[in-house]
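Dropping model_0.pdb in here (PDB, C-alpha atoms (C1' of nucleotides)):
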MODEL        1
ATOM      1  CA  MET A   1     103.754 -65.402 214.250
ATOM      2  CA  ASN A   2     101.666 -67.450 211.883
ATOM      3  CA  PRO A   3     100.353 -70.403 213.920
ATOM      4  CA  LEU A   4     101.341 -72.974 211.316
ATOM      5  CA  ILE A   5     104.942 -71.775 211.113
ATOM      6  CA  HIS A   6     105.090 -71.508 214.877
ATOM      7  CA  GLU A   7     103.813 -75.040 215.354
ATOM      8  CA  LEU A   8     106.235 -76.341 212.769
ATOM      9  CA  PHE A   9     109.164 -74.817 214.660
ATOM     10  CA  GLN A  10     107.860 -76.182 217.944
ATOM     11  CA  LYS A  11     107.490 -79.709 216.618
ATOM     12  CA  SER A  12     110.860 -79.591 214.981
ATOM     13  CA  ARG A  13     112.493 -78.714 218.285
ATOM     14  CA  PHE A  14     110.419 -81.290 220.105
ATOM     15  CA  LEU A  15     111.384 -84.017 217.655
ATOM     16  CA  SER A  16     115.102 -83.104 217.808
ATOM     17  CA  GLN A  17     115.003 -83.454 221.544
ATOM     18  CA  GLU A  18     113.234 -86.791 221.287
ATOM     19  CA  VAL A  19     115.757 -88.034 218.749
ATOM     20  CA  ASN A  20     118.557 -86.954 221.056
ATOM     21  CA  ASN A  21     116.903 -88.779 223.941
ATOM     22  CA  THR A  22     116.639 -91.932 221.884
ATOM     23  CA  LEU A  23     120.294 -91.733 220.864
ATOM     24  CA  LYS A  24     121.542 -90.878 224.333
ATOM     25  CA  GLU A  25     122.196 -94.464 225.337
ATOM     26  CA  TYR A  26     124.473 -94.825 222.310
ATOM     27  CA  ASN A  27     126.286 -91.574 223.110
ATOM     28  CA  LEU A  28     125.221 -90.012 219.851
ATOM     29  CA  PHE A  29     123.462 -86.800 218.862
ATOM     30  CA  ALA A  30     120.855 -86.405 216.149
ATOM     31  CA  SER A  31     123.068 -84.830 213.541
ATOM     32  CA  GLN A  32     125.858 -87.290 214.223
ATOM     33  CA  TRP A  33     123.425 -90.118 213.598
ATOM     34  CA  SER A  34     122.172 -88.567 210.389
ATOM     35  CA  VAL A  35     125.750 -88.460 209.114
ATOM     36  CA  LEU A  36     126.465 -92.051 210.165
ATOM     37  CA  TYR A  37     123.226 -93.169 208.588
ATOM     38  CA  CYS A  38     123.919 -91.648 205.217
ATOM     39  CA  ILE A  39     127.505 -92.886 205.166
ATOM     40  CA  GLN A  40     126.280 -96.403 205.879
ATOM     41  CA  ARG A  41     123.747 -96.188 203.073
ATOM     42  CA  HIS A  42     126.416 -95.178 200.590
ATOM     43  CA  LYS A  43     129.202 -97.382 202.026
ATOM     44  CA  GLU A  44     131.586 -94.453 201.677
ATOM     45  CA  MET A  45     131.234 -90.764 200.886
ATOM     46  CA  THR A  46     133.201 -87.572 200.458
ATOM     47  CA  LEU A  47     132.333 -84.625 202.709
ATOM     48  CA  THR A  48     130.778 -82.803 199.789
ATOM     49  CA  GLN A  49     128.540 -85.757 199.020
ATOM     50  CA  ILE A  50     127.425 -85.757 202.632
ATOM     51  CA  TRP A  51     126.520 -82.080 202.919
ATOM     52  CA  LYS A  52     124.787 -82.078 199.561
ATOM     53  CA  TYR A  53     122.827 -85.167 200.548
ATOM     54  CA  LEU A  54     121.828 -83.770 203.938
ATOM     55  CA  ASN A  55     121.236 -80.315 202.485
ATOM     56  CA  VAL A  56     123.372 -78.427 205.000
ATOM     57  CA  GLU A  57     126.466 -76.277 204.574
ATOM     58  CA  ALA A  58     129.957 -77.699 204.304
ATOM     59  CA  PRO A  59     131.363 -76.407 207.612
ATOM     60  CA  THR A  60     128.625 -78.202 209.531
ATOM     61  CA  ILE A  61     129.788 -81.486 208.058
ATOM     62  CA  THR A  62     133.475 -80.788 208.527
ATOM     63  CA  ARG A  63     132.815 -80.348 212.207
ATOM     64  CA  THR A  64     130.479 -83.289 212.717
ATOM     65  CA  VAL A  65     132.688 -85.651 210.722
ATOM     66  CA  ASN A  66     135.754 -84.639 212.720
ATOM     67  CA  ARG A  67     133.871 -85.227 215.944
ATOM     68  CA  LEU A  68     132.683 -88.639 214.755
ATOM     69  CA  ALA A  69     136.234 -89.597 213.808
ATOM     70  CA  GLU A  70     137.430 -88.404 217.202
ATOM     71  CA  LEU A  71     134.807 -90.577 218.866
ATOM     72  CA  GLY A  72     135.824 -93.568 216.758
ATOM     73  CA  TRP A  73     132.641 -93.915 214.718
ATOM     74  CA  ILE A  74     134.203 -93.284 211.332
ATOM     75  CA  ASP A  75     137.484 -93.597 209.489
ATOM     76  CA  ILE A  76     138.702 -90.781 207.278
ATOM     77  CA  CYS A  77     140.727 -91.884 204.261
ATOM     78  CA  SER A  78     142.466 -89.801 201.672
ATOM     79  CA  SER A  79     141.479 -89.924 198.048
ATOM     80  CA  LYS A  80     143.313 -89.828 194.750
ATOM     81  CA  ASP A  81     142.020 -86.268 194.464
ATOM     82  CA  LYS A  82     143.961 -84.804 197.347
ATOM     83  CA  ARG A  83     141.388 -82.123 197.988
ATOM     84  CA  GLU A  84     138.761 -84.554 199.111
ATOM     85  CA  LYS A  85     138.365 -86.870 202.058
ATOM     86  CA  ILE A  86     136.590 -90.178 201.927
ATOM     87  CA  VAL A  87     134.742 -91.307 204.972
ATOM     88  CA  LYS A  88     133.467 -94.726 206.027
ATOM     89  CA  LEU A  89     132.072 -96.379 209.134
ATOM     90  CA  SER A  90     134.574 -97.824 211.589
ATOM     91  CA  GLU A  91     134.438-101.452 212.700
ATOM     92  CA  GLN A  92     132.847-100.363 215.954
ATOM     93  CA  ALA A  93     130.205 -98.372 214.119
ATOM     94  CA  LEU A  94     129.383-101.219 211.729
ATOM     95  CA  GLN A  95     128.895-103.477 214.697
ATOM     96  CA  GLN A  96     126.638-101.112 216.632
ATOM     97  CA  PHE A  97     124.768 -99.818 213.613
ATOM     98  CA  PRO A  98     121.919-102.374 213.498
ATOM     99  CA  ALA A  99     120.984-101.866 217.146
ATOM    100  CA  ILE A 100     120.927 -98.095 216.816
ATOM    101  CA  LYS A 101     118.970 -98.239 213.601
ATOM    102  CA  ALA A 102     116.428-100.515 215.234
ATOM    103  CA  ALA A 103     116.034 -98.110 218.160
ATOM    104  CA  MET A 104     115.598 -95.208 215.776
ATOM    105  CA  THR A 105     113.073 -97.002 213.615
ATOM    106  CA  GLU A 106     111.132 -97.947 216.702
ATOM    107  CA  PHE A 107     111.218 -94.312 217.824
ATOM    108  CA  GLU A 108     110.159 -92.929 214.457
ATOM    109  CA  ASP A 109     107.276 -95.328 214.235
ATOM    110  CA  ARG A 110     106.143 -94.309 217.694
ATOM    111  CA  MET A 111     106.371 -90.629 216.749
ATOM    112  CA  VAL A 112     104.078 -90.885 213.761
ATOM    113  CA  ASP A 113     101.864 -93.431 215.441
ATOM    114  CA  SER A 114      99.238 -90.815 216.206
ATOM    115  CA  LEU A 115      98.802 -90.292 212.467
ATOM    116  CA  SER A 116      97.080 -92.740 210.145
ATOM    117  CA  ASP A 117      98.981 -93.749 207.010
ATOM    118  CA  ASP A 118      96.715 -91.432 205.102
ATOM    119  CA  GLU A 119      97.391 -88.515 207.376
ATOM    120  CA  GLU A 120     101.107 -89.171 207.249
ATOM    121  CA  ALA A 121     101.086 -89.120 203.447
ATOM    122  CA  GLN A 122      98.914 -86.035 203.449
ATOM    123  CA  MET A 123     101.178 -84.184 205.799
ATOM    124  CA  LEU A 124     104.257 -85.035 203.798
ATOM    125  CA  GLU A 125     102.515 -83.685 200.737
ATOM    126  CA  LEU A 126     101.519 -80.488 202.496
ATOM    127  CA  LEU A 127     105.029 -79.955 203.851
ATOM    128  CA  GLN A 128     106.462 -80.352 200.386
ATOM    129  CA  LYS A 129     104.220 -77.578 199.131
ATOM    130  CA  ILE A 130     105.999 -75.050 201.306
ATOM    131  CA  LYS A 131     108.855 -73.495 199.410
TER     132      LYS A 131
ATOM    133  CA  MET Y   1     114.993 -91.488 208.561
ATOM    134  CA  ASN Y   2     111.237 -91.412 208.352
ATOM    135  CA  PRO Y   3     110.424 -89.165 205.365
ATOM    136  CA  LEU Y   4     107.862 -87.128 207.267
ATOM    137  CA  ILE Y   5     110.236 -86.332 210.124
ATOM    138  CA  HIS Y   6     113.013 -85.626 207.660
ATOM    139  CA  GLU Y   7     110.873 -83.236 205.652
ATOM    140  CA  LEU Y   8     109.732 -81.504 208.813
ATOM    141  CA  PHE Y   9     113.336 -80.845 209.829
ATOM    142  CA  GLN Y  10     114.191 -79.643 206.337
ATOM    143  CA  LYS Y  11     111.296 -77.205 206.207
ATOM    144  CA  SER Y  12     112.019 -75.958 209.672
ATOM    145  CA  ARG Y  13     115.576 -75.095 208.679
ATOM    146  CA  PHE Y  14     114.402 -73.612 205.413
ATOM    147  CA  LEU Y  15     111.860 -71.407 207.160
ATOM    148  CA  SER Y  16     114.383 -70.237 209.783
ATOM    149  CA  GLN Y  17     116.696 -69.148 207.040
ATOM    150  CA  GLU Y  18     113.879 -67.330 205.268
ATOM    151  CA  VAL Y  19     112.863 -65.598 208.472
ATOM    152  CA  ASN Y  20     116.457 -64.535 209.000
ATOM    153  CA  ASN Y  21     116.612 -63.200 205.453
ATOM    154  CA  THR Y  22     113.472 -61.190 206.026
ATOM    155  CA  LEU Y  23     114.816 -59.741 209.260
ATOM    156  CA  LYS Y  24     118.256 -59.022 207.877
ATOM    157  CA  GLU Y  25     117.470 -55.470 206.828
ATOM    158  CA  TYR Y  26     116.436 -54.714 210.417
ATOM    159  CA  ASN Y  27     119.593 -56.317 211.813
ATOM    160  CA  LEU Y  28     117.596 -58.896 213.712
ATOM    161  CA  PHE Y  29     117.631 -62.679 213.935
ATOM    162  CA  ALA Y  30     114.612 -64.964 214.137
ATOM    163  CA  SER Y  31     114.822 -65.758 217.811
ATOM    164  CA  GLN Y  32     115.507 -62.137 218.681
ATOM    165  CA  TRP Y  33     112.363 -61.162 216.831
ATOM    166  CA  SER Y  34     110.316 -63.836 218.563
ATOM    167  CA  VAL Y  35     111.402 -62.399 221.912
ATOM    168  CA  LEU Y  36     110.657 -58.810 220.864
ATOM    169  CA  TYR Y  37     107.307 -59.889 219.509
ATOM    170  CA  CYS Y  38     106.174 -61.567 222.680
ATOM    171  CA  ILE Y  39     107.399 -58.729 224.880
ATOM    172  CA  GLN Y  40     105.448 -56.273 222.762
ATOM    173  CA  ARG Y  41     102.308 -58.372 223.041
ATOM    174  CA  HIS Y  42     102.548 -58.443 226.808
ATOM    175  CA  LYS Y  43     103.875 -54.863 227.208
ATOM    176  CA  GLU Y  44     106.387 -56.165 229.739
ATOM    177  CA  MET Y  45     107.539 -59.590 230.874
ATOM    178  CA  THR Y  46     109.918 -61.350 233.218
ATOM    179  CA  LEU Y  47     112.469 -63.731 231.718
ATOM    180  CA  THR Y  48     110.583 -66.691 233.117
ATOM    181  CA  GLN Y  49     107.379 -65.545 231.462
ATOM    182  CA  ILE Y  50     109.249 -65.285 228.171
ATOM    183  CA  TRP Y  51     110.833 -68.735 228.173
ATOM    184  CA  LYS Y  52     107.626 -70.372 229.346
ATOM    185  CA  TYR Y  53     105.698 -68.564 226.627
ATOM    186  CA  LEU Y  54     108.188 -69.453 223.898
ATOM    187  CA  ASN Y  55     108.636 -72.961 225.262
ATOM    188  CA  VAL Y  56     112.434 -72.883 225.399
ATOM    189  CA  GLU Y  57     114.874 -73.203 228.291
ATOM    190  CA  ALA Y  58     115.820 -70.312 230.555
ATOM    191  CA  PRO Y  59     119.479 -69.935 229.502
ATOM    192  CA  THR Y  60     118.437 -69.413 225.894
ATOM    193  CA  ILE Y  61     116.362 -66.417 226.949
ATOM    194  CA  THR Y  62     118.991 -65.004 229.307
ATOM    195  CA  ARG Y  63     121.381 -64.885 226.377
ATOM    196  CA  THR Y  64     118.968 -63.492 223.779
ATOM    197  CA  VAL Y  65     117.591 -60.872 226.151
ATOM    198  CA  ASN Y  66     121.082 -59.700 227.058
ATOM    199  CA  ARG Y  67     121.979 -59.431 223.398
ATOM    200  CA  LEU Y  68     118.800 -57.471 222.659
ATOM    201  CA  ALA Y  69     119.554 -55.092 225.530
ATOM    202  CA  GLU Y  70     123.104 -54.688 224.239
ATOM    203  CA  LEU Y  71     121.733 -53.824 220.802
ATOM    204  CA  GLY Y  72     119.322 -51.305 222.314
ATOM    205  CA  TRP Y  73     116.081 -53.101 221.480
ATOM    206  CA  ILE Y  74     114.921 -53.618 225.055
ATOM    207  CA  ASP Y  75     115.256 -52.114 228.508
ATOM    208  CA  ILE Y  76     115.818 -54.351 231.497
ATOM    209  CA  CYS Y  77     114.283 -53.105 234.734
ATOM    210  CA  SER Y  78     114.488 -54.551 238.207
ATOM    211  CA  SER Y  79     111.426 -55.768 240.048
ATOM    212  CA  LYS Y  80     110.212 -55.682 243.630
ATOM    213  CA  ASP Y  81     111.102 -59.383 243.728
ATOM    214  CA  LYS Y  82     114.824 -58.955 243.421
ATOM    215  CA  ARG Y  83     115.281 -62.354 241.790
ATOM    216  CA  GLU Y  84     113.454 -61.395 238.654
ATOM    217  CA  LYS Y  85     114.088 -58.983 235.811
ATOM    218  CA  ILE Y  86     111.387 -57.145 233.948
ATOM    219  CA  VAL Y  87     111.910 -56.449 230.307
ATOM    220  CA  LYS Y  88     110.221 -54.013 227.938
ATOM    221  CA  LEU Y  89     110.735 -52.619 224.449
ATOM    222  CA  SER Y  90     112.985 -49.568 224.126
ATOM    223  CA  GLU Y  91     111.815 -46.381 222.450
ATOM    224  CA  GLN Y  92     113.714 -47.332 219.334
ATOM    225  CA  ALA Y  93     112.095 -50.754 219.264
ATOM    226  CA  LEU Y  94     108.596 -49.355 219.739
ATOM    227  CA  GLN Y  95     109.194 -47.025 216.836
ATOM    228  CA  GLN Y  96     110.523 -49.688 214.459
ATOM    229  CA  PHE Y  97     108.143 -52.406 215.573
ATOM    230  CA  PRO Y  98     105.252 -51.742 213.149
ATOM    231  CA  ALA Y  99     107.482 -51.806 210.076
ATOM    232  CA  ILE Y 100     109.155 -55.034 211.103
ATOM    233  CA  LYS Y 101     105.868 -56.645 211.978
ATOM    234  CA  ALA Y 102     104.460 -55.674 208.592
ATOM    235  CA  ALA Y 103     107.470 -57.194 206.824
ATOM    236  CA  MET Y 104     107.107 -60.384 208.835
ATOM    237  CA  THR Y 105     103.387 -60.660 208.217
ATOM    238  CA  GLU Y 106     103.975 -60.164 204.532
ATOM    239  CA  PHE Y 107     106.628 -62.877 204.621
ATOM    240  CA  GLU Y 108     104.492 -65.333 206.556
ATOM    241  CA  ASP Y 109     101.596 -64.850 204.203
ATOM    242  CA  ARG Y 110     103.875 -65.498 201.248
ATOM    243  CA  MET Y 111     105.204 -68.641 202.886
ATOM    244  CA  VAL Y 112     101.840 -70.272 203.354
ATOM    245  CA  ASP Y 113     100.517 -68.917 200.087
ATOM    246  CA  SER Y 114     100.981 -72.256 198.370
ATOM    247  CA  LEU Y 115      98.484 -73.762 200.788
ATOM    248  CA  SER Y 116      94.758 -73.148 200.688
ATOM    249  CA  ASP Y 117      93.107 -72.056 203.926
ATOM    250  CA  ASP Y 118      91.788 -75.564 204.242
ATOM    251  CA  GLU Y 119      95.192 -77.128 203.796
ATOM    252  CA  GLU Y 120      96.706 -74.716 206.258
ATOM    253  CA  ALA Y 121      94.159 -75.638 208.903
ATOM    254  CA  GLN Y 122      94.573 -79.303 208.142
ATOM    255  CA  MET Y 123      98.302 -79.153 208.437
ATOM    256  CA  LEU Y 124      98.145 -77.321 211.744
ATOM    257  CA  GLU Y 125      95.825 -80.033 213.015
ATOM    258  CA  LEU Y 126      98.133 -82.793 211.828
ATOM    259  CA  LEU Y 127     101.174 -81.136 213.382
ATOM    260  CA  GLN Y 128      99.379 -80.862 216.682
ATOM    261  CA  LYS Y 129      98.747 -84.592 216.654
ATOM    262  CA  ILE Y 130     102.473 -85.284 216.912
ATOM    263  CA  LYS Y 131     103.462 -85.546 220.534
TER     264      LYS Y 131
ATOM    265  C1'  DA Q   1     153.443 -74.041 180.287
ATOM    266  C1'  DG Q   2     151.404 -70.590 182.913
ATOM    267  C1'  DT Q   3     147.479 -68.248 184.508
ATOM    268  C1'  DA Q   4     142.796 -68.152 185.859
ATOM    269  C1'  DT Q   5     138.894 -70.472 187.609
ATOM    270  C1'  DA Q   6     136.553 -73.937 190.067
ATOM    271  C1'  DT Q   7     136.185 -77.314 193.697
ATOM    272  C1'  DA Q   8     136.973 -79.435 198.416
ATOM    273  C1'  DC Q   9     137.623 -78.538 202.697
ATOM    274  C1'  DT Q  10     138.697 -75.573 206.814
ATOM    275  C1'  DT Q  11     138.631 -71.736 210.120
ATOM    276  C1'  DA Q  12     136.499 -68.145 212.573
ATOM    277  C1'  DA Q  13     132.669 -66.122 214.417
ATOM    278  C1'  DC Q  14     127.984 -65.698 215.005
ATOM    279  C1'  DT Q  15     122.872 -67.296 216.417
ATOM    280  C1'  DA Q  16     120.281 -70.708 218.916
ATOM    281  C1'  DG Q  17     118.991 -74.653 221.089
ATOM    282  C1'  DC Q  18     120.155 -77.896 225.091
ATOM    283  C1'  DT Q  19     121.775 -79.814 230.044
ATOM    284  C1'  DA Q  20     124.002 -79.392 234.482
ATOM    285  C1'  DA Q  21     125.434 -76.819 238.098
ATOM    286  C1'  DA Q  22     125.836 -72.298 240.665
ATOM    287  C1'  DT Q  23     123.981 -68.179 243.009
ATOM    288  C1'  DA Q  24     120.798 -65.276 245.185
ATOM    289  C1'  DA Q  25     116.352 -64.069 246.788
ATOM    290  C1'  DA Q  26     111.709 -65.556 248.352
ATOM    291  C1'  DA Q  27     108.589 -68.657 250.376
ATOM    292  C1'  DT Q  28     107.674 -72.557 253.315
ATOM    293  C1'  DT Q  29     108.204 -75.468 257.165
ATOM    294  C1'  DC Q  30     109.204 -76.804 261.729
TER     295       DC Q  30
ATOM    296  C1'  DG D   1     113.270 -67.247 263.642
ATOM    297  C1'  DA D   2     116.294 -70.600 261.605
ATOM    298  C1'  DA D   3     116.646 -74.120 258.277
ATOM    299  C1'  DT D   4     114.897 -75.980 254.117
ATOM    300  C1'  DT D   5     112.965 -75.765 249.758
ATOM    301  C1'  DT D   6     111.570 -73.403 245.782
ATOM    302  C1'  DT D   7     112.065 -69.975 242.219
ATOM    303  C1'  DA D   8     114.624 -66.719 238.999
ATOM    304  C1'  DT D   9     118.433 -66.054 236.678
ATOM    305  C1'  DT D  10     123.163 -67.018 235.299
ATOM    306  C1'  DT D  11     127.401 -69.490 233.826
ATOM    307  C1'  DA D  12     129.788 -72.987 231.436
ATOM    308  C1'  DG D  13     130.011 -76.109 227.901
ATOM    309  C1'  DC D  14     128.117 -78.908 224.444
ATOM    310  C1'  DT D  15     125.630 -79.777 219.573
ATOM    311  C1'  DA D  16     124.236 -77.713 215.298
ATOM    312  C1'  DG D  17     123.021 -74.548 212.036
ATOM    313  C1'  DT D  18     124.626 -70.241 209.380
ATOM    314  C1'  DT D  19     127.897 -66.822 206.530
ATOM    315  C1'  DA D  20     132.352 -65.077 205.093
ATOM    316  C1'  DA D  21     136.868 -65.667 204.142
ATOM    317  C1'  DG D  22     141.051 -68.639 203.646
ATOM    318  C1'  DT D  23     143.955 -72.606 201.763
ATOM    319  C1'  DA D  24     145.184 -76.208 198.735
ATOM    320  C1'  DT D  25     144.500 -78.986 194.854
ATOM    321  C1'  DA D  26     142.391 -79.810 190.139
ATOM    322  C1'  DT D  27     140.723 -78.306 185.964
ATOM    323  C1'  DA D  28     140.212 -75.221 182.048
ATOM    324  C1'  DC D  29     141.857 -71.688 178.936
ATOM    325  C1'  DT D  30     144.874 -69.243 175.928
TER     326       DT D  30
ENDMDL
END

I'd like the structure from this file rewritten - as structure tokens, please.
Amino acid sequence: MNPLIHELFQKSRFLSQEVNNTLKEYNLFASQWSVLYCIQRHKEMTLTQIWKYLNVEAPTITRTVNRLAELGWIDICSSKDKREKIVKLSEQALQQFPAIKAAMTEFEDRMVDSLSDDEEAQMLELLQKIK
Amino acid sequence: MNPLIHELFQKSRFLSQEVNNTLKEYNLFASQWSVLYCIQRHKEMTLTQIWKYLNVEAPTITRTVNRLAELGWIDICSSKDKREKIVKLSEQALQQFPAIKAAMTEFEDRMVDSLSDDEEAQMLELLQKIK
DNA sequence: AGTATATACTTAACTAGCTAAATAAAATTC
DNA sequence: GAATTTTATTTAGCTAGTTAAGTATATACT
């Protein structure tokens, strides 16, 4: 295996685990947080908007959104277009959101702390070249 | 989400999918190939050696190894130490191995083609700084 | 209006990672 | 040598991604 690709996979798994660790005290998983985060940013979203935004397939979002609703993080409303579902943060989620976001920001900063701003920019650029 | 971390996750998923596409014609998945590859390199391995080498948890390897045995890619032998299992490539796997490896090498080269050798080295270095 | 096509979401089934807990064999300790 | 601890693997159950196929509603076409 090409060492670069290998290392990229390793770091990706490492970072997922670290994200999960950070979110543990809020009883959230990484992908659940990413959905909450993007809903909050957009105030409300349809499932299609979410999976297109996060660049994953629709069934992944169906499942995660249902789980989040089950856990009380989001409310699912029906739309004028009866095919689609509109999703927004619950009261509980709105209340907890700032604390979780702060913890995540703190974590992310710590993760890239070993890189200078220059290196961070450089790496982003290099990653974007892979396609 | 920090853009660097986000992009890293995106590329990791993208590359997994591409690896799976490449392996499709051999009826293999990425993680199955990574197990076959490391067994081939070591001639034979115990499960513990495999999961330590690949840096994943034991149950992941138990499952993948069983699937590979089921599909006829590997043979599972018992060891003097009756706790452990020794695993090696089947005849069929040994025969197909070179072609698959060639396809994967070709794919990997194509993937990092957009990076110069310098950039590739640089990126590897930057990735390794994240911990 | 009625049919065909497109869109939104779901269901099922698979790979693939994880943790926690169980089992069995080996090694260590007293 | 018996009891304890460690090691190797497994089982169960969760998140999280995928593809393929299904359902229901909207939209477009003739």

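Residues matched by the PyMOL selection byres ((chain D and resi 10) around 10) in this file: Ala58, Pro59, Thr62 and Arg63 of chain Y; DA22 and DT23 of chain Q; DA8, DT9, DT11 and DA12 of chain D.
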
- Message: Please expand the PyMOL selection byres ((chain Y and resi 101) around 12) into the concrete residues it hits in this file, giving the result as a PyMOL selection string.
- Response: (chain A and resi 1-2) or (chain Y and resi 19+22-23+26+33-34+36-38+40-41+93-100+102-108)

Could you superpose chain A on chain Y by least squares over every Cα, matched in sequence order, and send it back as a compact mmCIF listing (two decimals) with C-alpha atoms, in the frame of the given file?
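Result file follows (part.txt):
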# COMPACT_ATOMS: atom_id res chain seq x y z
CA MET A 1 114.98 -91.53 208.49
CA ASN A 2 111.22 -91.43 208.26
CA PRO A 3 110.41 -89.17 205.29
CA LEU A 4 107.85 -87.13 207.21
CA ILE A 5 110.23 -86.35 210.07
CA HIS A 6 113.00 -85.63 207.61
CA GLU A 7 110.85 -83.23 205.62
CA LEU A 8 109.72 -81.52 208.78
CA PHE A 9 113.33 -80.87 209.79
CA GLN A 10 114.17 -79.64 206.31
CA LYS A 11 111.28 -77.20 206.20
CA SER A 12 112.01 -75.97 209.66
CA ARG A 13 115.57 -75.11 208.67
CA PHE A 14 114.40 -73.61 205.41
CA LEU A 15 111.85 -71.41 207.17
CA SER A 16 114.39 -70.25 209.80
CA GLN A 17 116.70 -69.16 207.05
CA GLU A 18 113.89 -67.34 205.28
CA VAL A 19 112.87 -65.61 208.49
CA ASN A 20 116.46 -64.56 209.03
CA ASN A 21 116.62 -63.22 205.48
CA THR A 22 113.48 -61.20 206.04
CA LEU A 23 114.82 -59.75 209.28
CA LYS A 24 118.27 -59.04 207.90
CA GLU A 25 117.48 -55.49 206.85
CA TYR A 26 116.44 -54.73 210.43
CA ASN A 27 119.60 -56.34 211.83
CA LEU A 28 117.61 -58.92 213.73
CA PHE A 29 117.65 -62.71 213.94
CA ALA A 30 114.63 -64.97 214.14
CA SER A 31 114.82 -65.76 217.82
CA GLN A 32 115.51 -62.15 218.69
CA TRP A 33 112.36 -61.17 216.84
CA SER A 34 110.31 -63.83 218.57
CA VAL A 35 111.39 -62.40 221.92
CA LEU A 36 110.65 -58.81 220.87
CA TYR A 37 107.30 -59.88 219.52
CA CYS A 38 106.15 -61.56 222.68
CA ILE A 39 107.38 -58.73 224.88
CA GLN A 40 105.43 -56.26 222.77
CA ARG A 41 102.29 -58.37 223.04
CA HIS A 42 102.53 -58.42 226.82
CA LYS A 43 103.86 -54.85 227.22
CA GLU A 44 106.37 -56.16 229.75
CA MET A 45 107.53 -59.59 230.88
CA THR A 46 109.90 -61.34 233.23
CA LEU A 47 112.47 -63.72 231.73
CA THR A 48 110.59 -66.69 233.11
CA GLN A 49 107.38 -65.54 231.46
CA ILE A 50 109.25 -65.28 228.18
CA TRP A 51 110.83 -68.73 228.19
CA LYS A 52 107.63 -70.38 229.35
CA TYR A 53 105.70 -68.57 226.63
CA LEU A 54 108.18 -69.47 223.90
CA ASN A 55 108.64 -72.97 225.28
CA VAL A 56 112.44 -72.88 225.41
CA GLU A 57 114.88 -73.20 228.29
CA ALA A 58 115.82 -70.32 230.54
CA PRO A 59 119.47 -69.92 229.48
CA THR A 60 118.41 -69.38 225.88
CA ILE A 61 116.35 -66.39 226.96
CA THR A 62 118.98 -65.00 229.30
CA ARG A 63 121.35 -64.86 226.39
CA THR A 64 118.97 -63.48 223.78
CA VAL A 65 117.58 -60.85 226.15
CA ASN A 66 121.07 -59.69 227.07
CA ARG A 67 121.97 -59.41 223.41
CA LEU A 68 118.80 -57.45 222.67
CA ALA A 69 119.54 -55.07 225.54
CA GLU A 70 123.09 -54.68 224.25
CA LEU A 71 121.73 -53.82 220.82
CA GLY A 72 119.31 -51.30 222.32
CA TRP A 73 116.07 -53.09 221.49
CA ILE A 74 114.91 -53.60 225.06
CA ASP A 75 115.24 -52.10 228.51
CA ILE A 76 115.81 -54.33 231.51
CA CYS A 77 114.27 -53.08 234.74
CA SER A 78 114.49 -54.52 238.20
CA SER A 79 111.44 -55.75 240.03
CA LYS A 80 110.22 -55.66 243.60
CA ASP A 81 111.15 -59.34 243.71
CA LYS A 82 114.88 -58.91 243.35
CA ARG A 83 115.32 -62.30 241.74
CA GLU A 84 113.46 -61.35 238.63
CA LYS A 85 114.07 -58.95 235.79
CA ILE A 86 111.36 -57.13 233.93
CA VAL A 87 111.88 -56.43 230.30
CA LYS A 88 110.18 -53.99 227.93
CA LEU A 89 110.72 -52.61 224.45
CA SER A 90 112.97 -49.58 224.12
CA GLU A 91 111.81 -46.38 222.44
CA GLN A 92 113.73 -47.34 219.33
CA ALA A 93 112.10 -50.76 219.26
CA LEU A 94 108.60 -49.35 219.73
CA GLN A 95 109.21 -47.04 216.82
CA GLN A 96 110.53 -49.71 214.46
CA PHE A 97 108.15 -52.42 215.58
CA PRO A 98 105.26 -51.76 213.15
CA ALA A 99 107.51 -51.82 210.08
CA ILE A 100 109.17 -55.06 211.12
CA LYS A 101 105.88 -56.67 211.99
CA ALA A 102 104.49 -55.69 208.61
CA ALA A 103 107.49 -57.22 206.84
CA MET A 104 107.11 -60.40 208.85
CA THR A 105 103.40 -60.68 208.24
CA GLU A 106 103.99 -60.17 204.56
CA PHE A 107 106.65 -62.89 204.64
CA GLU A 108 104.50 -65.35 206.58
CA ASP A 109 101.61 -64.86 204.23
CA ARG A 110 103.87 -65.49 201.28
CA MET A 111 105.23 -68.66 202.91
CA VAL A 112 101.85 -70.29 203.37
CA ASP A 113 100.53 -68.91 200.13
CA SER A 114 100.99 -72.24 198.39
CA LEU A 115 98.48 -73.75 200.81
CA SER A 116 94.75 -73.11 200.71
CA ASP A 117 93.11 -72.03 203.97
CA ASP A 118 91.80 -75.54 204.27
CA GLU A 119 95.18 -77.10 203.80
CA GLU A 120 96.73 -74.70 206.27
CA ALA A 121 94.16 -75.63 208.92
CA GLN A 122 94.58 -79.29 208.13
CA MET A 123 98.32 -79.15 208.44
CA LEU A 124 98.15 -77.34 211.75
CA GLU A 125 95.84 -80.04 212.99
CA LEU A 126 98.13 -82.80 211.80
CA LEU A 127 101.18 -81.16 213.37
CA GLN A 128 99.38 -80.90 216.67
CA LYS A 129 98.76 -84.63 216.64
CA ILE A 130 102.46 -85.33 216.90
CA LYS A 131 103.47 -85.61 220.51

- Task: Return the neighbours of chain Q among the residues of chain Y, cut-off 10 Å, counting all atoms listed in the file, as a list in words.
- Result: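 Output check: Phe29, Ala30, Ser31, Gln32, Val56, Glu57, Pro59, Thr60, Ile61, Arg63, Thr64, Asp81, Lys82, Arg83 and Glu84 of chain Y.
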
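You can rank Y:Glu7, Y:Asp109, Y:Asp75, Y:Glu18 by their closest distance to chain D using all atoms listed in the file, and at the top of that list sits Y:Glu18.
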
- Message: Only residues of chain D matter here; which ones have an atom within 12 Å of chain A, counting all atoms listed in the file? Give them as a PyMOL selection string.
- Response: chain D and resi 14-20+23-27
